[in-house]
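Printed here is run.pdb (PDB, C-alpha atoms and all ligand atoms):
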ATOM      1  CA  MET A   1      28.841   0.872   5.664  1.00  0.00           C
ATOM      2  CA  VAL A   2      28.845  -0.934   2.308  1.00  0.00           C
ATOM      3  CA  TYR A   3      25.521  -2.447   1.193  1.00  0.00           C
ATOM      4  CA  LYS A   4      24.631  -4.677  -1.719  1.00  0.00           C
ATOM      5  CA  ILE A   5      21.353  -3.485  -3.275  1.00  0.00           C
ATOM      6  CA  ARG A   6      19.656  -6.296  -5.258  1.00  0.00           C
ATOM      7  CA  ILE A   7      16.896  -4.989  -7.498  1.00  0.00           C
ATOM      8  CA  ARG A   8      14.459  -6.971  -9.615  1.00  0.00           C
ATOM      9  CA  ARG A   9      14.423  -5.290 -13.002  1.00  0.00           C
ATOM     10  CA  GLN A  10      11.849  -5.555 -15.783  1.00  0.00           C
ATOM     11  CA  GLU A  11      11.506  -3.043 -18.599  1.00  0.00           C
ATOM     12  CA  ASN A  12       7.777  -3.662 -19.045  1.00  0.00           C
ATOM     13  CA  ARG A  13       5.103  -6.300 -18.431  1.00  0.00           C
ATOM     14  CA  LYS A  14       6.116  -8.362 -21.466  1.00  0.00           C
ATOM     15  CA  SER A  15       9.886  -8.231 -21.142  1.00  0.00           C
ATOM     16  CA  ASP A  16      12.081 -10.672 -19.201  1.00  0.00           C
ATOM     17  CA  ARG A  17      12.786 -10.003 -15.565  1.00  0.00           C
ATOM     18  CA  TYR A  18      16.296 -10.180 -14.121  1.00  0.00           C
ATOM     19  CA  TRP A  19      18.230  -9.242 -10.993  1.00  0.00           C
ATOM     20  CA  GLN A  20      20.786  -6.479 -10.915  1.00  0.00           C
ATOM     21  CA  GLU A  21      23.110  -5.656  -8.021  1.00  0.00           C
ATOM     22  CA  PHE A  22      24.560  -2.310  -7.046  1.00  0.00           C
ATOM     23  CA  GLU A  23      26.921  -1.188  -4.312  1.00  0.00           C
ATOM     24  CA  PHE A  24      25.882   1.567  -1.939  1.00  0.00           C
ATOM     25  CA  ASP A  25      28.581   2.925   0.341  1.00  0.00           C
ATOM     26  CA  GLY A  26      26.844   5.304   2.693  1.00  0.00           C
ATOM     27  CA  SER A  27      25.203   5.957   6.006  1.00  0.00           C
ATOM     28  CA  GLU A  28      23.217   3.184   7.660  1.00  0.00           C
ATOM     29  CA  ASN A  29      20.719   5.937   8.525  1.00  0.00           C
ATOM     30  CA  SER A  30      19.831   6.278   4.812  1.00  0.00           C
ATOM     31  CA  SER A  31      16.321   5.395   3.734  1.00  0.00           C
ATOM     32  CA  VAL A  32      15.778   2.997   0.846  1.00  0.00           C
ATOM     33  CA  ALA A  33      14.307   5.965  -1.087  1.00  0.00           C
ATOM     34  CA  SER A  34      17.485   8.007  -0.635  1.00  0.00           C
ATOM     35  CA  VAL A  35      19.548   4.980  -1.750  1.00  0.00           C
ATOM     36  CA  LEU A  36      17.466   4.768  -4.948  1.00  0.00           C
ATOM     37  CA  ASN A  37      17.868   8.512  -5.518  1.00  0.00           C
ATOM     38  CA  GLU A  38      21.617   8.224  -5.038  1.00  0.00           C
ATOM     39  CA  LEU A  39      21.871   5.289  -7.478  1.00  0.00           C
ATOM     40  CA  ASN A  40      19.829   7.134 -10.098  1.00  0.00           C
ATOM     41  CA  SER A  41      21.992  10.256  -9.707  1.00  0.00           C
ATOM     42  CA  ARG A  42      25.091   8.339 -10.888  1.00  0.00           C
ATOM     43  CA  SER A  43      26.143   9.076 -14.423  1.00  0.00           C
ATOM     44  CA  PRO A  44      26.522   6.525 -15.761  1.00  0.00           C
ATOM     45  CA  LEU A  45      24.858   4.069 -13.364  1.00  0.00           C
ATOM     46  CA  LYS A  46      26.911   0.855 -13.342  1.00  0.00           C
ATOM     47  CA  ASP A  47      26.009  -2.449 -11.703  1.00  0.00           C
ATOM     48  CA  ASN A  48      28.422  -4.555  -9.661  1.00  0.00           C
ATOM     49  CA  SER A  49      29.672  -6.272 -12.820  1.00  0.00           C
ATOM     50  CA  GLY A  50      30.608  -2.935 -14.358  1.00  0.00           C
ATOM     51  CA  ASN A  51      27.737  -2.944 -16.862  1.00  0.00           C
ATOM     52  CA  ILE A  52      25.943   0.318 -17.578  1.00  0.00           C
ATOM     53  CA  ALA A  53      22.400   0.098 -16.199  1.00  0.00           C
ATOM     54  CA  ALA A  54      19.226   1.975 -17.089  1.00  0.00           C
ATOM     55  CA  PRO A  55      17.896   4.310 -14.365  1.00  0.00           C
ATOM     56  CA  ILE A  56      15.860   2.358 -11.800  1.00  0.00           C
ATOM     57  CA  GLY A  57      12.111   2.867 -12.183  1.00  0.00           C
ATOM     58  CA  TRP A  58      10.381   3.654  -8.895  1.00  0.00           C
ATOM     59  CA  GLU A  59       7.766   6.145  -7.725  1.00  0.00           C
ATOM     60  CA  CYS A  60       7.769   8.709  -4.946  1.00  0.00           C
ATOM     61  CA  GLY A  61       5.597  11.760  -4.360  1.00  0.00           C
ATOM     62  CA  CYS A  62       6.721  13.162  -1.035  1.00  0.00           C
ATOM     63  CA  MET A  63       9.607  11.309   0.731  1.00  0.00           C
ATOM     64  CA  VAL A  64       7.811  11.849   4.075  1.00  0.00           C
ATOM     65  CA  ARG A  65       5.345   8.919   4.419  1.00  0.00           C
ATOM     66  CA  LYS A  66       2.363  10.896   3.174  1.00  0.00           C
ATOM     67  CA  CYS A  67       1.703   9.678  -0.386  1.00  0.00           C
ATOM     68  CA  GLY A  68       2.216   5.887  -0.307  1.00  0.00           C
ATOM     69  CA  ALA A  69       3.657   5.843  -3.839  1.00  0.00           C
ATOM     70  CA  CYS A  70       7.015   4.306  -2.881  1.00  0.00           C
ATOM     71  CA  ALA A  71       5.473   1.088  -1.499  1.00  0.00           C
ATOM     72  CA  MET A  72       7.470  -1.953  -2.632  1.00  0.00           C
ATOM     73  CA  LEU A  73       8.759  -5.266  -1.318  1.00  0.00           C
ATOM     74  CA  ILE A  74      11.863  -4.583   0.756  1.00  0.00           C
ATOM     75  CA  ASN A  75      13.582  -7.781   1.875  1.00  0.00           C
ATOM     76  CA  GLY A  76      10.339  -9.573   1.026  1.00  0.00           C
ATOM     77  CA  LEU A  77       7.925  -7.400   3.029  1.00  0.00           C
ATOM     78  CA  PRO A  78       5.665  -4.564   1.821  1.00  0.00           C
ATOM     79  CA  ARG A  79       7.073  -1.288   3.144  1.00  0.00           C
ATOM     80  CA  LEU A  80       7.475   2.345   2.148  1.00  0.00           C
ATOM     81  CA  ALA A  81      10.926   3.105   0.712  1.00  0.00           C
ATOM     82  CA  CYS A  82      10.898   6.623   2.219  1.00  0.00           C
ATOM     83  CA  SER A  83      10.493   5.417   5.792  1.00  0.00           C
ATOM     84  CA  THR A  84      12.457   2.169   5.738  1.00  0.00           C
ATOM     85  CA  PHE A  85      15.969   2.850   6.948  1.00  0.00           C
ATOM     86  CA  LEU A  86      18.946   0.591   6.268  1.00  0.00           C
ATOM     87  CA  ASN A  87      19.778   0.243   9.957  1.00  0.00           C
ATOM     88  CA  THR A  88      16.356  -1.302  10.615  1.00  0.00           C
ATOM     89  CA  LEU A  89      16.962  -4.099   8.093  1.00  0.00           C
ATOM     90  CA  ARG A  90      18.837  -7.298   8.815  1.00  0.00           C
ATOM     91  CA  GLY A  91      22.224  -7.719   7.085  1.00  0.00           C
ATOM     92  CA  THR A  92      23.895  -5.675   4.395  1.00  0.00           C
ATOM     93  CA  THR A  93      22.127  -7.146   1.365  1.00  0.00           C
ATOM     94  CA  ILE A  94      18.915  -5.252   0.589  1.00  0.00           C
ATOM     95  CA  THR A  95      16.473  -6.824  -1.860  1.00  0.00           C
ATOM     96  CA  LEU A  96      13.944  -4.623  -3.673  1.00  0.00           C
ATOM     97  CA  GLU A  97      11.034  -6.010  -5.703  1.00  0.00           C
ATOM     98  CA  PRO A  98       7.751  -4.602  -7.021  1.00  0.00           C
ATOM     99  CA  PHE A  99       4.461  -5.635  -5.399  1.00  0.00           C
ATOM    100  CA  SER A 100       3.352  -9.028  -6.704  1.00  0.00           C
ATOM    101  CA  LYS A 101      -0.438  -8.447  -6.591  1.00  0.00           C
ATOM    102  CA  PHE A 102      -0.637  -5.569  -9.093  1.00  0.00           C
ATOM    103  CA  PRO A 103       0.234  -5.347 -12.806  1.00  0.00           C
ATOM    104  CA  LEU A 104       3.839  -4.315 -13.356  1.00  0.00           C
ATOM    105  CA  VAL A 105       4.632  -1.023 -15.087  1.00  0.00           C
ATOM    106  CA  ARG A 106       8.432  -1.014 -14.862  1.00  0.00           C
ATOM    107  CA  ASP A 107      11.056  -2.186 -12.339  1.00  0.00           C
ATOM    108  CA  LEU A 108       9.581  -1.237  -8.919  1.00  0.00           C
ATOM    109  CA  ILE A 109       6.503   0.566 -10.296  1.00  0.00           C
ATOM    110  CA  VAL A 110       3.122  -1.185 -10.366  1.00  0.00           C
ATOM    111  CA  ASP A 111      -0.319  -0.101 -11.509  1.00  0.00           C
ATOM    112  CA  ARG A 112      -2.537   0.224  -8.404  1.00  0.00           C
ATOM    113  CA  SER A 113      -5.552   1.670 -10.220  1.00  0.00           C
ATOM    114  CA  ILE A 114      -7.693  -1.379  -9.308  1.00  0.00           C
ATOM    115  CA  LEU A 115      -7.552  -0.160  -5.715  1.00  0.00           C
ATOM    116  CA  PHE A 116      -9.300   3.105  -6.656  1.00  0.00           C
ATOM    117  CA  GLU A 117     -11.736   1.339  -8.989  1.00  0.00           C
ATOM    118  CA  ASN A 118     -12.784  -0.923  -6.096  1.00  0.00           C
ATOM    119  CA  LEU A 119     -13.355   2.071  -3.814  1.00  0.00           C
ATOM    120  CA  LYS A 120     -15.517   3.690  -6.524  1.00  0.00           C
ATOM    121  CA  LYS A 121     -17.624   0.517  -6.783  1.00  0.00           C
ATOM    122  CA  LEU A 122     -18.303   0.759  -3.041  1.00  0.00           C
ATOM    123  CA  ASN A 123     -19.874   4.214  -3.560  1.00  0.00           C
ATOM    124  CA  LEU A 124     -17.531   5.679  -0.956  1.00  0.00           C
ATOM    125  CA  TRP A 125     -18.576   9.312  -1.164  1.00  0.00           C
ATOM    126  CA  LEU A 126     -21.036  11.503   0.700  1.00  0.00           C
ATOM    127  CA  ASP A 127     -24.484  12.314  -0.702  1.00  0.00           C
ATOM    128  CA  SER A 128     -25.335  14.498   2.305  1.00  0.00           C
ATOM    129  CA  GLU A 129     -23.657  17.005   4.566  1.00  0.00           C
ATOM    130  CA  ALA A 130     -21.250  15.101   6.815  1.00  0.00           C
ATOM    131  CA  TYR A 131     -22.592  14.158  10.243  1.00  0.00           C
ATOM    132  CA  MET A 132     -19.879  14.937  12.814  1.00  0.00           C
ATOM    133  CA  ASN A 133     -20.291  12.514  15.691  1.00  0.00           C
ATOM    134  CA  PRO A 134     -17.773  13.568  18.388  1.00  0.00           C
ATOM    135  CA  TRP A 135     -17.588   9.960  19.669  1.00  0.00           C
ATOM    136  CA  THR A 136     -16.224   8.705  16.357  1.00  0.00           C
ATOM    137  CA  HIS A 137     -13.900  11.630  15.687  1.00  0.00           C
ATOM    138  CA  GLU A 138     -10.676   9.687  16.365  1.00  0.00           C
ATOM    139  CA  PRO A 139     -11.421   6.572  14.242  1.00  0.00           C
ATOM    140  CA  ARG A 140     -12.779   8.799  11.424  1.00  0.00           C
ATOM    141  CA  TYR A 141      -9.507  10.736  11.543  1.00  0.00           C
ATOM    142  CA  GLN A 142      -7.520   7.488  11.450  1.00  0.00           C
ATOM    143  CA  SER A 143      -9.623   6.276   8.509  1.00  0.00           C
ATOM    144  CA  ALA A 144      -8.844   9.485   6.594  1.00  0.00           C
ATOM    145  CA  ARG A 145      -5.085   8.981   7.072  1.00  0.00           C
ATOM    146  CA  CYS A 146      -4.994   5.929   4.776  1.00  0.00           C
ATOM    147  CA  LEU A 147      -2.257   6.391   2.149  1.00  0.00           C
ATOM    148  CA  MET A 148      -3.804   3.985  -0.395  1.00  0.00           C
ATOM    149  CA  CYS A 149      -0.349   2.402  -0.530  1.00  0.00           C
ATOM    150  CA  GLY A 150      -1.681  -1.136  -1.004  1.00  0.00           C
ATOM    151  CA  CYS A 151       0.598  -2.819   1.584  1.00  0.00           C
ATOM    152  CA  CYS A 152      -2.480  -4.355   3.251  1.00  0.00           C
ATOM    153  CA  LEU A 153      -3.605  -5.771  -0.119  1.00  0.00           C
ATOM    154  CA  GLU A 154      -0.190  -7.223  -0.947  1.00  0.00           C
ATOM    155  CA  VAL A 155      -0.253  -9.427   2.179  1.00  0.00           C
ATOM    156  CA  CYS A 156      -3.964 -10.306   2.049  1.00  0.00           C
ATOM    157  CA  PRO A 157      -4.487 -13.970   1.050  1.00  0.00           C
ATOM    158  CA  ASN A 158      -7.972 -13.150  -0.293  1.00  0.00           C
ATOM    159  CA  PHE A 159      -7.127 -10.136  -2.469  1.00  0.00           C
ATOM    160  CA  HIS A 160      -6.449 -10.615  -6.206  1.00  0.00           C
ATOM    161  CA  THR A 161      -6.664  -7.883  -8.831  1.00  0.00           C
ATOM    162  CA  ASP A 162      -8.991 -10.018 -10.982  1.00  0.00           C
ATOM    163  CA  GLY A 163     -11.372 -10.762  -8.090  1.00  0.00           C
ATOM    164  CA  THR A 164     -14.232  -8.760  -6.585  1.00  0.00           C
ATOM    165  CA  PHE A 165     -12.883  -8.646  -3.003  1.00  0.00           C
ATOM    166  CA  ALA A 166     -11.667  -5.095  -2.307  1.00  0.00           C
ATOM    167  CA  GLY A 167      -9.495  -5.866   0.748  1.00  0.00           C
ATOM    168  CA  ALA A 168      -8.844  -4.053   4.019  1.00  0.00           C
ATOM    169  CA  ILE A 169      -8.400  -0.681   2.342  1.00  0.00           C
ATOM    170  CA  ALA A 170     -12.165  -0.741   1.649  1.00  0.00           C
ATOM    171  CA  ALA A 171     -13.067  -1.360   5.280  1.00  0.00           C
ATOM    172  CA  VAL A 172     -10.578   1.253   6.516  1.00  0.00           C
ATOM    173  CA  ASN A 173     -12.081   3.923   4.233  1.00  0.00           C
ATOM    174  CA  ALA A 174     -15.716   2.823   4.506  1.00  0.00           C
ATOM    175  CA  PHE A 175     -15.809   3.552   8.235  1.00  0.00           C
ATOM    176  CA  ARG A 176     -15.553   7.309   7.750  1.00  0.00           C
ATOM    177  CA  ILE A 177     -18.258   7.490   5.074  1.00  0.00           C
ATOM    178  CA  LEU A 178     -20.633   5.105   6.864  1.00  0.00           C
ATOM    179  CA  ASN A 179     -20.419   7.319   9.939  1.00  0.00           C
ATOM    180  CA  GLU A 180     -20.743  10.659   8.185  1.00  0.00           C
ATOM    181  CA  GLU A 181     -23.447   9.857   5.605  1.00  0.00           C
ATOM    182  CA  GLN A 182     -26.927  11.049   6.651  1.00  0.00           C
ATOM    183  CA  GLU A 183     -28.834  10.065   3.523  1.00  0.00           C
ATOM    184  CA  ALA A 184     -30.376   6.647   4.327  1.00  0.00           C
ATOM    185  CA  THR A 185     -30.700   5.365   0.750  1.00  0.00           C
ATOM    186  CA  HIS A 186     -27.069   6.040  -0.040  1.00  0.00           C
ATOM    187  CA  LYS A 187     -25.933   4.557   3.257  1.00  0.00           C
ATOM    188  CA  ASN A 188     -27.881   1.383   2.454  1.00  0.00           C
ATOM    189  CA  GLU A 189     -26.240   1.230  -0.992  1.00  0.00           C
ATOM    190  CA  ILE A 190     -22.783   1.497   0.573  1.00  0.00           C
ATOM    191  CA  SER A 191     -23.692  -1.181   3.131  1.00  0.00           C
ATOM    192  CA  ALA A 192     -24.922  -3.572   0.421  1.00  0.00           C
ATOM    193  CA  GLU A 193     -21.765  -3.093  -1.673  1.00  0.00           C
ATOM    194  CA  TYR A 194     -19.624  -3.406   1.433  1.00  0.00           C
ATOM    195  CA  LYS A 195     -21.250  -6.697   2.344  1.00  0.00           C
ATOM    196  CA  GLU A 196     -20.601  -8.149  -1.101  1.00  0.00           C
ATOM    197  CA  LYS A 197     -17.156  -6.676  -1.841  1.00  0.00           C
ATOM    198  CA  TYR A 198     -15.609  -6.796   1.608  1.00  0.00           C
ATOM    199  CA  PHE A 199     -17.488  -8.524   4.428  1.00  0.00           C
ATOM    200  CA  GLU A 200     -18.291 -11.780   2.635  1.00  0.00           C
ATOM    201  CA  GLY A 201     -14.758 -12.135   1.222  1.00  0.00           C
ATOM    202  CA  CYS A 202     -12.692 -11.377   4.336  1.00  0.00           C
ATOM    203  CA  GLY A 203     -11.180 -14.442   6.006  1.00  0.00           C
ATOM    204  CA  LYS A 204     -10.416 -12.469   9.239  1.00  0.00           C
ATOM    205  CA  SER A 205      -6.762 -13.579   9.168  1.00  0.00           C
ATOM    206  CA  LEU A 206      -5.738  -9.979   9.956  1.00  0.00           C
ATOM    207  CA  SER A 207      -2.489 -10.127   7.987  1.00  0.00           C
ATOM    208  CA  CYS A 208      -3.466  -6.595   7.000  1.00  0.00           C
ATOM    209  CA  HIS A 209      -3.309  -5.237  10.548  1.00  0.00           C
ATOM    210  CA  ASP A 210       0.393  -5.452  11.371  1.00  0.00           C
ATOM    211  CA  ILE A 211       1.731  -4.496   7.953  1.00  0.00           C
ATOM    212  CA  CYS A 212       0.222  -0.991   7.713  1.00  0.00           C
ATOM    213  CA  PRO A 213       3.299   1.297   7.419  1.00  0.00           C
ATOM    214  CA  ILE A 214       1.626   4.194   9.228  1.00  0.00           C
ATOM    215  CA  ARG A 215       0.228   1.983  11.997  1.00  0.00           C
ATOM    216  CA  LEU A 216      -3.432   2.661  11.312  1.00  0.00           C
ATOM    217  CA  PRO A 217      -5.707   0.735  13.705  1.00  0.00           C
ATOM    218  CA  VAL A 218      -6.747  -1.522  10.812  1.00  0.00           C
ATOM    219  CA  GLU A 219      -8.369  -4.205  12.978  1.00  0.00           C
ATOM    220  CA  GLU A 220     -10.456  -1.645  14.874  1.00  0.00           C
ATOM    221  CA  LEU A 221     -11.587  -0.008  11.628  1.00  0.00           C
ATOM    222  CA  LEU A 222     -12.551  -3.382  10.108  1.00  0.00           C
ATOM    223  CA  VAL A 223     -14.585  -4.271  13.161  1.00  0.00           C
ATOM    224  CA  ARG A 224     -16.281  -0.854  13.286  1.00  0.00           C
ATOM    225  CA  SER A 225     -17.051  -0.858   9.547  1.00  0.00           C
ATOM    226  CA  ASN A 226     -18.518  -4.363   9.812  1.00  0.00           C
ATOM    227  CA  ALA A 227     -20.674  -3.191  12.720  1.00  0.00           C
ATOM    228  CA  ALA A 228     -21.871  -0.088  10.847  1.00  0.00           C
ATOM    229  CA  ALA A 229     -22.523  -1.756   7.483  1.00  0.00           C
ATOM    230  CA  ILE A 230     -23.816  -5.167   8.518  1.00  0.00           C
ATOM    231  CA  TRP A 231     -25.474  -4.600  11.877  1.00  0.00           C
ATOM    232  CA  GLY A 232     -26.254  -0.855  11.595  1.00  0.00           C
ATOM    233  CA  LYS A 233     -24.370  -0.013  14.806  1.00  0.00           C
TER     234      LYS A 233
HETATM  235  S1  LIG B 301      -8.450  -9.902   7.687  1.00  0.00           S
HETATM  236 FE1  LIG B 301      -7.331 -11.211   6.207  1.00  0.00          FE
HETATM  237  S2  LIG B 301      -8.776 -11.552   4.511  1.00  0.00           S
HETATM  238 FE2  LIG B 301      -9.568  -9.823   5.736  1.00  0.00          FE
HETATM  239  S3  LIG B 301      -8.748  -8.010   4.708  1.00  0.00           S
HETATM  240 FE3  LIG B 301      -7.298  -8.520   6.363  1.00  0.00          FE
HETATM  241  S4  LIG B 301      -5.736  -9.850   5.378  1.00  0.00           S
HETATM  242 FE4  LIG B 301      -7.511  -9.749   3.981  1.00  0.00          FE
HETATM  243  S1  LIG B 302      -4.734   0.732   5.476  1.00  0.00           S
HETATM  244 FE1  LIG B 302      -2.536   1.112   5.778  1.00  0.00          FE
HETATM  245  S2  LIG B 302      -1.550  -0.467   4.500  1.00  0.00           S
HETATM  246 FE2  LIG B 302      -3.679  -0.326   3.800  1.00  0.00          FE
HETATM  247  S3  LIG B 302      -3.635   1.138   2.098  1.00  0.00           S
HETATM  248 FE3  LIG B 302      -4.146   2.303   3.983  1.00  0.00          FE
HETATM  249  S4  LIG B 302      -2.157   3.059   4.732  1.00  0.00           S
HETATM  250 FE4  LIG B 302      -1.702   1.416   3.245  1.00  0.00          FE
END
Target format structure tokens, applied to this file:
Amino acid sequence: MVYKIRIRRQENRKSDRYWQEFEFDGSENSSVASVLNELNSRSPLKDNSGNIAAPIGWECGCMVRKCGACAMLINGLPRLACSTFLNTLRGTTITLEPFSKFPLVRDLIVDRSILFENLKKLNLWLDSEAYMNPWTHEPRYQSARCLMCGCCLEVCPNFHTDGTFAGAIAAVNAFRILNEEQEATHKNEISAEYKEKYFEGCGKSLSCHDICPIRLPVEELLVRSNAAAIWGK
């Protein structure tokens, strides 16, 4: 099958952005990540107009849906390039763009460091030995699976990198720590930060729930974190 791969290119934050198109003639079972690898293995890489193109900037740490680094907009939706296969996309034109909510580094690479800074501000670490409640084992496990990919932040109408709202990723990760922390003072600090940086800013639209590429129970974790932090349940 022959695909047209449209990629939004930008050398750096200050340079002009432009679209470049490439042809990919390969299996419809290919992932977007393997398409990008194949394009970058061409020497020289030429676009559909025959112009020599610079290698496409994109990030990937594992190729198996474990690191979250290859998150990008694929046909307009946040997805992981490693686990989005051509035969699951409509049509034969595939459009790739970087996330819009984070500062651009190059081409499909963005700087997601604000996501980690926000988690630090929530004090999301343990000050005590972890309390292992068998009744919360499954949601704590789900909370720990979060890839920090940022897909839930890209679709969130209330998340902006220059704001204080930390987005669903904070609630997903807070659940585990709120349940395991035994030191009351620290737990109260987390709860106070959570209230200010998540609970009061969330509009409950739940755009974050369906977009999670590893199908975390985002809604359940938001509800449980709200209960633990706000109502002490
Ligand atoms: S429920 Fe809506 S406002 Fe709240 S974190 Fe999810 S997408 Fe953002
Ligand atoms: S909750 Fe899901 S979408 Fe959000 S950062 Fe974690 S893995 Fe990504």
Find the residues near ligand LIG 301 (chain B). Use a cut-off of 12 Å, count only C-alpha atoms and all ligand atoms, and write them as an MDAnalysis selection string. chainID A and resid 150:160 165:172 197:212 217:223 225:226
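Distances from A:Trp58, A:Trp135, A:Phe24, A:Tyr194 to A:Ala227 were compared using all atoms listed in the file, and the smallest one belongs to A:Tyr194.
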Could you put an axis-aligned box around every listed atom of ligand LIG 302 (chain B), padded by 6 Å on each side, and send me its centre and edge lengths in Å to one decimal, as lines of an AutoDock Vina configuration file?
center_x = -3.1
center_y = 1.3
center_z = 3.9
size_x = 15.2
size_y = 15.5
size_z = 15.7
Nearest to ligand LIG 302 (chain B) among A:Leu124, A:Ala228, A:Cys70, A:Ile190, with distances taken over all atoms listed in the file: which residue is it? A:Cys70
Using the chain letters and numbers from the file, give me the residues hit by the PyMOL selection byres (((chain A and resi 88-96) around 12) and not hetatm), as number ranges by chain. A: 1-9, 19-33, 35-36, 56-58, 70-81, 83-87, 97-100, 107-109
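You can rank A:Arg215, A:Asn133, A:Asn123, A:Asp162 by their closest distance to A:Lys187 using all atoms listed in the file, and at the top of that list sits A:Asn123.
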Please determine, counting all atoms listed in the file, which residue among A:Val105, A:Leu147, A:Leu119, A:Ala229 has the shortest atom-to-atom distance to A:Ile214.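 That would be A:Leu147, the residue with the smallest distance to A:Ile214.
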Just checking: using all atoms listed in the file, which residue out of A:Thr136, A:Gln142, A:Asn40, A:Asn51 ends up closest to ligand LIG 302 (chain B)?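 The shortest atom-to-atom distance to ligand LIG 302 (chain B) comes from A:Gln142.
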So which one's closest to ligand LIG 302 (chain B), A:Cys67, A:Val110, A:Leu45, A:Ala130? Using all atoms listed in the file, please. A:Cys67
Step by step, work through what the PyMOL selection byres (((chain A and resi 180) around 8) and not hetatm) selects in the shown file, and finish by giving those residues as number ranges by chain. A: 126, 129-133, 176-179, 181-182
Next, write the just-selected residues to a file, as a PDB file, in the frame of the given file, keeping C-alpha atoms as the atom set.
ATOM      1  CA  LEU A 126     -21.036  11.503   0.700  1.00  0.00           C
ATOM      2  CA  GLU A 129     -23.657  17.005   4.566  1.00  0.00           C
ATOM      3  CA  ALA A 130     -21.250  15.101   6.815  1.00  0.00           C
ATOM      4  CA  TYR A 131     -22.592  14.158  10.243  1.00  0.00           C
ATOM      5  CA  MET A 132     -19.879  14.937  12.814  1.00  0.00           C
ATOM      6  CA  ASN A 133     -20.291  12.514  15.691  1.00  0.00           C
ATOM      7  CA  ARG A 176     -15.553   7.309   7.750  1.00  0.00           C
ATOM      8  CA  ILE A 177     -18.258   7.490   5.074  1.00  0.00           C
ATOM      9  CA  LEU A 178     -20.633   5.105   6.864  1.00  0.00           C
ATOM     10  CA  ASN A 179     -20.419   7.319   9.939  1.00  0.00           C
ATOM     11  CA  GLU A 181     -23.447   9.857   5.605  1.00  0.00           C
ATOM     12  CA  GLN A 182     -26.927  11.049   6.651  1.00  0.00           C
TER      13      GLN A 182
END
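Atom CA of A:Val64 to atom CA of A:Cys82 spans 6.3 Å [interatomic distance, one decimal].
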Work out how far apart atom CA of A:Glu138 and atom CA of A:Ile230 are and give it in Å to one decimal.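 Distance between the two atoms: 21.3 Å.
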Where atoms are absent from stretch 186-199 of chain A, fill them in so it carries N, CA and C atoms, then output it as a compact mmCIF listing (two decimals), in the coordinates of the input.
# COMPACT_ATOMS: atom_id res chain seq x y z
N HIS A 186 -28.48 6.19 0.36
CA HIS A 186 -27.07 6.04 -0.04
C HIS A 186 -26.31 5.17 0.96
N LYS A 187 -26.62 5.36 2.24
CA LYS A 187 -25.93 4.56 3.26
C LYS A 187 -26.25 3.07 3.06
N ASN A 188 -27.50 2.78 2.71
CA ASN A 188 -27.88 1.38 2.45
C ASN A 188 -27.17 0.82 1.23
N GLU A 189 -26.98 1.68 0.21
CA GLU A 189 -26.24 1.23 -0.99
C GLU A 189 -24.80 0.88 -0.62
N ILE A 190 -24.17 1.75 0.16
CA ILE A 190 -22.78 1.50 0.57
C ILE A 190 -22.73 0.19 1.36
N SER A 191 -23.69 0.02 2.28
CA SER A 191 -23.69 -1.18 3.13
C SER A 191 -23.84 -2.44 2.29
N ALA A 192 -24.72 -2.39 1.27
CA ALA A 192 -24.92 -3.57 0.42
C ALA A 192 -23.66 -3.90 -0.37
N GLU A 193 -23.01 -2.87 -0.93
CA GLU A 193 -21.76 -3.09 -1.67
C GLU A 193 -20.67 -3.59 -0.74
N TYR A 194 -20.64 -3.02 0.45
CA TYR A 194 -19.62 -3.41 1.43
C TYR A 194 -19.76 -4.88 1.79
N LYS A 195 -21.01 -5.30 1.98
CA LYS A 195 -21.25 -6.70 2.34
C LYS A 195 -20.71 -7.63 1.25
N GLU A 196 -21.01 -7.28 0.01
CA GLU A 196 -20.60 -8.15 -1.10
C GLU A 196 -19.10 -8.06 -1.39
N LYS A 197 -18.54 -6.86 -1.36
CA LYS A 197 -17.16 -6.68 -1.84
C LYS A 197 -16.12 -6.69 -0.73
N TYR A 198 -16.59 -6.66 0.52
CA TYR A 198 -15.61 -6.80 1.61
C TYR A 198 -16.01 -7.88 2.61
N PHE A 199 -17.15 -7.68 3.27
CA PHE A 199 -17.49 -8.52 4.43
C PHE A 199 -17.52 -10.01 4.08
